[in-house]
Amino acid sequence: MRMLEQEEENDDAAEVTWEDQQRINTFSKLNNRIRLIEEKLEELKQEKEALDDLTTELELADEDEAVLYKVGEAFLHMRQSLALKRLERDQASIDTRVAALATQADECETQMKELKVVLYAKFGKAINLDE
């Protein structure tokens, strides 16, 4: 059973130098980092949606009534107005984290595109850098 066509088997494969291997390794690390960033961004988006829903619920609640607000692993009783201020601060924090992660993702993608150009130029079809 043949795995490669005869002409593909006879192709002169480019020699992989130490620098090429370093580029391939860097590309792999950046690809893994992008995946982790995307997972974290998804978690933050879900958290942001939950905070938005909570904002709506708190606006409908009685102003005199104390509400439970989660801080870390504990829940605290606090006034509605204080809870709304805290909620706004938490939303701003999430927005800042999302922006920072988006910037990191853009930087990784830029570096990956540069590496793709170099690696595809040398190896052509012999290397697959797409998911």
# chains A, B, ... in the order shown; residues from 1 in each chain; ligands from 1
>>> select_by_dssp(residues="chain A", states="strand (DSSP E)", output="list in words")
Val67, Leu68, Tyr69, Lys70, Val71, Ala74, Phe75, Leu76, His77 and Met78 of chain A
>>> closest_residue(among="A:Ser81, A:Gln104, A:Gln46, A:Gln91", to="Leu60 (chain A)", atoms="only C-alpha atoms")
A:Ser81
>>> residues_around(residues="Asp62 (chain A)", least_positions_apart="5", cutoff="12 Å", atoms="only C-alpha atoms", output="PyMOL selection string")
chain A and resi 57+67+79-81
>>> residues_around(residues="Glu107 (chain A)", least_positions_apart="3", cutoff="12 Å", atoms="only C-alpha atoms", output="number ranges by chain")
A: 30-31, 33-34, 37, 100-104, 110-114
>>> residues_around(residues="Ile94 (chain A)", least_positions_apart="6", cutoff="9 Å", atoms="only C-alpha atoms", output="ChimeraX atom specification")
/A:44-45,47-48
>>> select_by_dssp(residues="region 69-112 of chain A", states="alpha helix (DSSP H)", output="PyMOL selection string")
chain A and resi 80-112
>>> write_last_selection(atoms="N, CA and C atoms", output="CSV table (one decimal), in the first residue's frame")
chain,number,residue,atom,x,y,z
A,80,GLN,N,-28.6,48.5,47.0
A,80,GLN,CA,-28.7,48.4,45.6
A,80,GLN,C,-27.8,49.4,44.9
A,81,SER,N,-27.8,50.6,45.4
A,81,SER,CA,-27.0,51.6,44.7
A,81,SER,C,-25.5,51.3,44.7
A,82,LEU,N,-25.1,50.8,45.9
A,82,LEU,CA,-23.7,50.4,46.0
A,82,LEU,C,-23.4,49.2,45.1
A,83,ALA,N,-24.3,48.2,45.0
A,83,ALA,CA,-24.1,47.1,44.2
A,83,ALA,C,-24.1,47.5,42.7
A,84,LEU,N,-24.8,48.5,42.3
A,84,LEU,CA,-24.8,49.0,40.9
A,84,LEU,C,-23.4,49.6,40.6
A,85,LYS,N,-22.9,50.4,41.5
A,85,LYS,CA,-21.6,51.0,41.3
A,85,LYS,C,-20.5,49.9,41.2
A,86,ARG,N,-20.6,49.0,42.1
A,86,ARG,CA,-19.6,47.9,42.1
A,86,ARG,C,-19.7,47.1,40.8
A,87,LEU,N,-21.0,46.9,40.3
A,87,LEU,CA,-21.2,46.2,39.0
A,87,LEU,C,-20.6,47.0,37.9
A,88,GLU,N,-20.8,48.3,37.8
A,88,GLU,CA,-20.2,49.1,36.8
A,88,GLU,C,-18.6,49.0,36.8
A,89,ARG,N,-18.0,48.9,38.0
A,89,ARG,CA,-16.6,48.8,38.1
A,89,ARG,C,-16.2,47.4,37.6
A,90,ASP,N,-16.9,46.4,37.9
A,90,ASP,CA,-16.6,45.0,37.4
A,90,ASP,C,-16.7,45.0,35.9
A,91,GLN,N,-17.7,45.6,35.3
A,91,GLN,CA,-17.9,45.6,33.9
A,91,GLN,C,-16.7,46.3,33.2
A,92,ALA,N,-16.3,47.4,33.8
A,92,ALA,CA,-15.2,48.2,33.2
A,92,ALA,C,-13.9,47.3,33.3
A,93,SER,N,-13.7,46.6,34.4
A,93,SER,CA,-12.6,45.7,34.5
A,93,SER,C,-12.6,44.6,33.4
A,94,ILE,N,-13.7,44.1,33.2
A,94,ILE,CA,-13.9,43.0,32.1
A,94,ILE,C,-13.6,43.6,30.8
A,95,ASP,N,-14.1,44.8,30.5
A,95,ASP,CA,-13.8,45.5,29.2
A,95,ASP,C,-12.3,45.7,29.0
A,96,THR,N,-11.6,46.1,30.1
A,96,THR,CA,-10.2,46.3,30.0
A,96,THR,C,-9.5,45.0,29.7
A,97,ARG,N,-9.9,44.0,30.4
A,97,ARG,CA,-9.2,42.7,30.2
A,97,ARG,C,-9.5,42.2,28.7
A,98,VAL,N,-10.7,42.4,28.2
A,98,VAL,CA,-11.1,41.9,26.9
A,98,VAL,C,-10.2,42.7,25.9
A,99,ALA,N,-10.1,44.0,26.1
A,99,ALA,CA,-9.2,44.8,25.2
A,99,ALA,C,-7.8,44.4,25.2
A,100,ALA,N,-7.3,44.1,26.4
A,100,ALA,CA,-5.9,43.6,26.5
A,100,ALA,C,-5.7,42.3,25.8
A,101,LEU,N,-6.6,41.4,26.0
A,101,LEU,CA,-6.5,40.1,25.3
A,101,LEU,C,-6.7,40.2,23.8
A,102,ALA,N,-7.5,41.1,23.3
A,102,ALA,CA,-7.7,41.3,21.9
A,102,ALA,C,-6.4,41.8,21.3
A,103,THR,N,-5.7,42.7,22.0
A,103,THR,CA,-4.5,43.2,21.5
A,103,THR,C,-3.4,42.1,21.5
A,104,GLN,N,-3.4,41.3,22.5
A,104,GLN,CA,-2.4,40.1,22.5
A,104,GLN,C,-2.7,39.2,21.3
A,105,ALA,N,-4.0,39.0,21.0
A,105,ALA,CA,-4.4,38.1,19.9
A,105,ALA,C,-3.9,38.7,18.6
A,106,ASP,N,-4.1,40.0,18.4
A,106,ASP,CA,-3.7,40.6,17.2
A,106,ASP,C,-2.2,40.6,17.0
A,107,GLU,N,-1.4,40.7,18.1
A,107,GLU,CA,0.0,40.6,18.0
A,107,GLU,C,0.4,39.2,17.6
A,108,CYS,N,-0.2,38.2,18.2
A,108,CYS,CA,0.1,36.8,17.9
A,108,CYS,C,-0.2,36.5,16.4
A,109,GLU,N,-1.3,37.0,15.9
A,109,GLU,CA,-1.7,36.8,14.6
A,109,GLU,C,-0.8,37.4,13.6
A,110,THR,N,-0.3,38.6,13.9
A,110,THR,CA,0.6,39.3,13.0
A,110,THR,C,1.9,38.5,12.9
A,111,GLN,N,2.4,38.1,14.1
A,111,GLN,CA,3.7,37.3,14.1
A,111,GLN,C,3.5,36.0,13.3
A,112,MET,N,2.3,35.4,13.5
A,112,MET,CA,2.0,34.1,12.8
A,112,MET,C,2.0,34.3,11.3
>>> atom_distance(atom1="CA of Lys29 (chain A)", atom2="CA of Lys116 (chain A)")
13.4 Å
>>> atom_distance(atom1="CA of Arg35 (chain A)", atom2="CA of Ile127 (chain A)")
20.4 Å
>>> atom_distance(atom1="CA of Asn128 (chain A)", atom2="CA of Glu38 (chain A)")
21.5 Å
